[in-house]
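One structure below.
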Amino acid sequence: MAAKALIPALFFCFLFSISTISHSYRFYPPVKPCKELVFFFHDILYKGYNRDNATAAIVGAPDWGNKTAVASPFNFGDLVVFDDPITLDNNLHSPPVGRAQGMYLYDQQTTYSAWLSFSLVFNSTEHKGSLNFAGADPLLNKTRDISVIGGTGDFFMARGIGTLSTDAFEGDVYFRLRVDIKLYECWK
């Protein structure tokens, strides 16, 4: 008698599990971004002799490092703050449309990788406000995605993805990043 009651119960459990599996594999069409932007930011690291044009400085270094040269190996343990100009093209001498302000921390001993937290602060006639970013930056990858976690002004409560790519690199003194921004939540 118990076996007869168990068979329908097992059958309903089987149907329920199939229905939940089929719902978890639904196809959702891709969402189009509500706003797309491209900027370049130019980072010039202070090396002890270039104070006038440096836009970044090592403010924390491991015991074996110092604050005018990146630590070895893989810059591990260095904390760098920056206030870099943002331009619409890859020319450092183009008029800036804002500043990239934040920090990066070299966080791996076995490869070049950093953790970023920064804001793009705009001061142009086209954009007012800021966009905030945070996330891992595996530097050896051609492109890296970092989260847009908020914003102010024209970018109030923005959410999206910033795709970083290293556009130029000159040793440990200068690099230029291209930031392709796709916002998926736009309030303005």
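The way I read the labels, and the way they are meant: chains A, B, ... in the order of the structure tokens, residue 1 as the first residue of every chain, and ligand 1 as the first ligand shown, with later ones counted on from there.
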With only C-alpha atoms counted and 12 Å as the cut-off, give the residues of stretch 59-118 of chain A in contact with stretch 31-51 of chain A, each with its shortest interatomic distance in Å and the pair that gives it, as JSON lines.
{"residue": "A:Val59", "atom": "CA", "partner": "A:Tyr46", "partner_atom": "CA", "distance": 10.4}
{"residue": "A:Asn66", "atom": "CA", "partner": "A:Lys47", "partner_atom": "CA", "distance": 10.3}
{"residue": "A:Lys67", "atom": "CA", "partner": "A:Lys47", "partner_atom": "CA", "distance": 8.0}
{"residue": "A:Thr68", "atom": "CA", "partner": "A:Lys47", "partner_atom": "CA", "distance": 4.6}
{"residue": "A:Ala69", "atom": "CA", "partner": "A:Lys47", "partner_atom": "CA", "distance": 6.3}
{"residue": "A:Val70", "atom": "CA", "partner": "A:Lys47", "partner_atom": "CA", "distance": 9.2}
{"residue": "A:Leu79", "atom": "CA", "partner": "A:Leu45", "partner_atom": "CA", "distance": 11.8}
{"residue": "A:Val80", "atom": "CA", "partner": "A:Leu45", "partner_atom": "CA", "distance": 8.6}
{"residue": "A:Val81", "atom": "CA", "partner": "A:Leu45", "partner_atom": "CA", "distance": 9.4}
{"residue": "A:Phe82", "atom": "CA", "partner": "A:Asp43", "partner_atom": "CA", "distance": 7.3}
{"residue": "A:Asp83", "atom": "CA", "partner": "A:Asp43", "partner_atom": "CA", "distance": 8.0}
{"residue": "A:Asp84", "atom": "CA", "partner": "A:Asp43", "partner_atom": "CA", "distance": 5.6}
{"residue": "A:Pro85", "atom": "CA", "partner": "A:Phe41", "partner_atom": "CA", "distance": 5.7}
{"residue": "A:Ile86", "atom": "CA", "partner": "A:Phe41", "partner_atom": "CA", "distance": 4.5}
{"residue": "A:Thr87", "atom": "CA", "partner": "A:Phe40", "partner_atom": "CA", "distance": 5.2}
{"residue": "A:Leu88", "atom": "CA", "partner": "A:Phe39", "partner_atom": "CA", "distance": 5.1}
{"residue": "A:Asp89", "atom": "CA", "partner": "A:Phe40", "partner_atom": "CA", "distance": 6.3}
{"residue": "A:Asn90", "atom": "CA", "partner": "A:Phe40", "partner_atom": "CA", "distance": 5.9}
{"residue": "A:Asn91", "atom": "CA", "partner": "A:Phe40", "partner_atom": "CA", "distance": 8.5}
{"residue": "A:Leu92", "atom": "CA", "partner": "A:His42", "partner_atom": "CA", "distance": 6.5}
{"residue": "A:His93", "atom": "CA", "partner": "A:His42", "partner_atom": "CA", "distance": 10.0}
{"residue": "A:Ser94", "atom": "CA", "partner": "A:Phe40", "partner_atom": "CA", "distance": 10.4}
{"residue": "A:Pro95", "atom": "CA", "partner": "A:Phe40", "partner_atom": "CA", "distance": 11.6}
{"residue": "A:Pro96", "atom": "CA", "partner": "A:Phe41", "partner_atom": "CA", "distance": 9.2}
{"residue": "A:Val97", "atom": "CA", "partner": "A:Phe39", "partner_atom": "CA", "distance": 9.0}
{"residue": "A:Gly98", "atom": "CA", "partner": "A:Phe41", "partner_atom": "CA", "distance": 9.4}
{"residue": "A:Arg99", "atom": "CA", "partner": "A:Phe41", "partner_atom": "CA", "distance": 7.9}
{"residue": "A:Ala100", "atom": "CA", "partner": "A:Phe41", "partner_atom": "CA", "distance": 6.8}
{"residue": "A:Gln101", "atom": "CA", "partner": "A:Phe41", "partner_atom": "CA", "distance": 10.1}
{"residue": "A:Gly102", "atom": "CA", "partner": "A:Asp43", "partner_atom": "CA", "distance": 11.4}
{"residue": "A:Met103", "atom": "CA", "partner": "A:Asp43", "partner_atom": "CA", "distance": 11.3}
{"residue": "A:Tyr104", "atom": "CA", "partner": "A:Asp43", "partner_atom": "CA", "distance": 11.4}
{"residue": "A:Phe118", "atom": "CA", "partner": "A:Phe41", "partner_atom": "CA", "distance": 11.6}
query = Can you list, as a list in words, every protein, DNA or RNA residue that comes within 8 Å of A:Pro138 when you count only C-alpha atoms, leaving out same-chain residues fewer than 5 positions away?
reply = Tyr112, Ser113, Ala114 and Arg144 of chain A
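Within the 10 Å cut-off around stretch 133-135 of chain A, using only C-alpha atoms and omitting residues fewer than 4 positions from it on the same chain, the listed residues are Gly102, Met103, Tyr104, Ala114, Trp115, Leu116, Ser117, Phe118, Ser119, Leu120, Arg144, Asp145, Ile146, Ser147, Val148, Ile149, Gly150, Gly151, Arg159, Gly160, Ile161 and Gly162 of chain A.
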Emit the selected residues as a short mmCIF file (atom, residue, chain, number, x, y, z; two decimals), in the first residue's frame, including N, CA, C and O atoms.
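As a result, again-v3.cif now contains:
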data_model
loop_
_atom_site.label_atom_id
_atom_site.label_comp_id
_atom_site.auth_asym_id
_atom_site.auth_seq_id
_atom_site.Cartn_x
_atom_site.Cartn_y
_atom_site.Cartn_z
N GLY A 102 41.67 57.95 -7.91
CA GLY A 102 41.47 56.74 -7.12
C GLY A 102 42.77 56.08 -6.75
O GLY A 102 43.79 56.75 -6.55
N MET A 103 42.73 54.75 -6.69
CA MET A 103 43.91 53.99 -6.28
C MET A 103 43.92 52.63 -6.94
O MET A 103 42.90 52.13 -7.38
N TYR A 104 45.13 52.06 -7.02
CA TYR A 104 45.27 50.67 -7.40
C TYR A 104 46.31 50.02 -6.51
O TYR A 104 47.25 50.65 -6.05
N ALA A 114 46.25 43.90 -10.42
CA ALA A 114 45.95 44.99 -9.49
C ALA A 114 44.48 44.96 -9.14
O ALA A 114 43.66 44.36 -9.84
N TRP A 115 44.14 45.61 -8.06
CA TRP A 115 42.75 45.86 -7.69
C TRP A 115 42.55 47.36 -7.79
O TRP A 115 43.31 48.14 -7.22
N LEU A 116 41.52 47.78 -8.54
CA LEU A 116 41.27 49.19 -8.82
C LEU A 116 40.03 49.69 -8.08
O LEU A 116 39.06 48.97 -7.95
N SER A 117 40.09 50.94 -7.69
CA SER A 117 38.93 51.66 -7.19
C SER A 117 39.13 53.11 -7.59
O SER A 117 40.11 53.74 -7.15
N PHE A 118 38.26 53.62 -8.45
CA PHE A 118 38.45 54.99 -8.91
C PHE A 118 37.14 55.61 -9.40
O PHE A 118 36.17 54.91 -9.63
N SER A 119 37.18 56.92 -9.53
CA SER A 119 36.05 57.68 -10.07
C SER A 119 36.54 58.46 -11.28
O SER A 119 37.64 59.01 -11.27
N LEU A 120 35.72 58.51 -12.31
CA LEU A 120 35.94 59.45 -13.40
C LEU A 120 35.11 60.69 -13.06
O LEU A 120 33.89 60.62 -13.02
N ARG A 144 40.09 43.90 -19.96
CA ARG A 144 39.65 43.54 -18.61
C ARG A 144 38.37 44.29 -18.33
O ARG A 144 38.25 45.47 -18.65
N ASP A 145 37.40 43.61 -17.73
CA ASP A 145 36.14 44.25 -17.36
C ASP A 145 36.16 44.63 -15.90
O ASP A 145 36.62 43.86 -15.05
N ILE A 146 35.66 45.81 -15.61
CA ILE A 146 35.58 46.31 -14.25
C ILE A 146 34.18 46.88 -14.07
O ILE A 146 33.59 47.43 -15.00
N SER A 147 33.64 46.75 -12.88
CA SER A 147 32.25 47.14 -12.62
C SER A 147 32.09 48.64 -12.47
O SER A 147 32.88 49.29 -11.78
N VAL A 148 31.05 49.18 -13.09
CA VAL A 148 30.59 50.53 -12.80
C VAL A 148 29.61 50.38 -11.65
O VAL A 148 28.58 49.73 -11.78
N ILE A 149 29.95 50.96 -10.50
CA ILE A 149 29.16 50.70 -9.29
C ILE A 149 28.33 51.89 -8.85
O ILE A 149 27.68 51.85 -7.81
N GLY A 150 28.30 52.95 -9.64
CA GLY A 150 27.48 54.10 -9.28
C GLY A 150 27.94 55.35 -9.99
O GLY A 150 28.86 55.33 -10.81
N GLY A 151 27.29 56.43 -9.67
CA GLY A 151 27.65 57.70 -10.27
C GLY A 151 26.85 58.84 -9.68
O GLY A 151 25.94 58.64 -8.87
N ARG A 159 24.88 51.97 -13.51
CA ARG A 159 25.43 50.63 -13.36
C ARG A 159 25.86 50.16 -14.74
O ARG A 159 25.20 50.44 -15.73
N GLY A 160 26.97 49.40 -14.77
CA GLY A 160 27.42 48.89 -16.05
C GLY A 160 28.79 48.27 -15.97
O GLY A 160 29.24 47.84 -14.91
N ILE A 161 29.46 48.26 -17.10
CA ILE A 161 30.78 47.64 -17.25
C ILE A 161 31.71 48.62 -17.94
O ILE A 161 31.34 49.27 -18.92
N GLY A 162 32.93 48.71 -17.44
CA GLY A 162 34.00 49.43 -18.11
C GLY A 162 35.02 48.42 -18.59
O GLY A 162 35.54 47.64 -17.79
#
Members of stretch 2-188 of chain A assigned helix (DSSP H, G or I) by DSSP, as a PyMOL selection string = chain A and resi 2-24
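The space separating atom CA of A:Thr166 from atom CA of A:Phe122 comes to 21.3 Å.
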query = Looking at only C-alpha atoms, which of A:Ser130, A:Thr143, A:Thr55, A:Thr152 is the one that sits closest to A:Val179?
reply =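 Going through A:Ser130, A:Thr143, A:Thr55, A:Thr152 one by one, the smallest distance to A:Val179 is for A:Thr143.
Closest approach to A:Ala57 from the set A:Asp78, A:Lys142, A:Leu131, A:Glu185 is made by A:Asp78, with distances taken over only C-alpha atoms.
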ask   = Out of stretch 7-185 of chain A, which residues get strand (DSSP E or B) from DSSP, as number ranges by chain?
value = A: 35-45, 56-60, 79-87, 98-106, 114-123, 128-137, 144-153, 159-170, 174-185
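Between atom CA of A:Met157 and atom CA of A:Val121 lies a distance of 14.4 Å.
Counting only C-alpha atoms, the residue from A:Ala136, A:Ser124, A:Cys186, A:Ser72 that sits nearest to A:Thr110 is A:Ser72.
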request  = Give me, please, the distance in Å between atom CA of A:Lys128 and atom CA of A:Pro30, quoted to one decimal.
outcome  =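 Atom CA of A:Lys128 sits 28.9 Å away from atom CA of A:Pro30.
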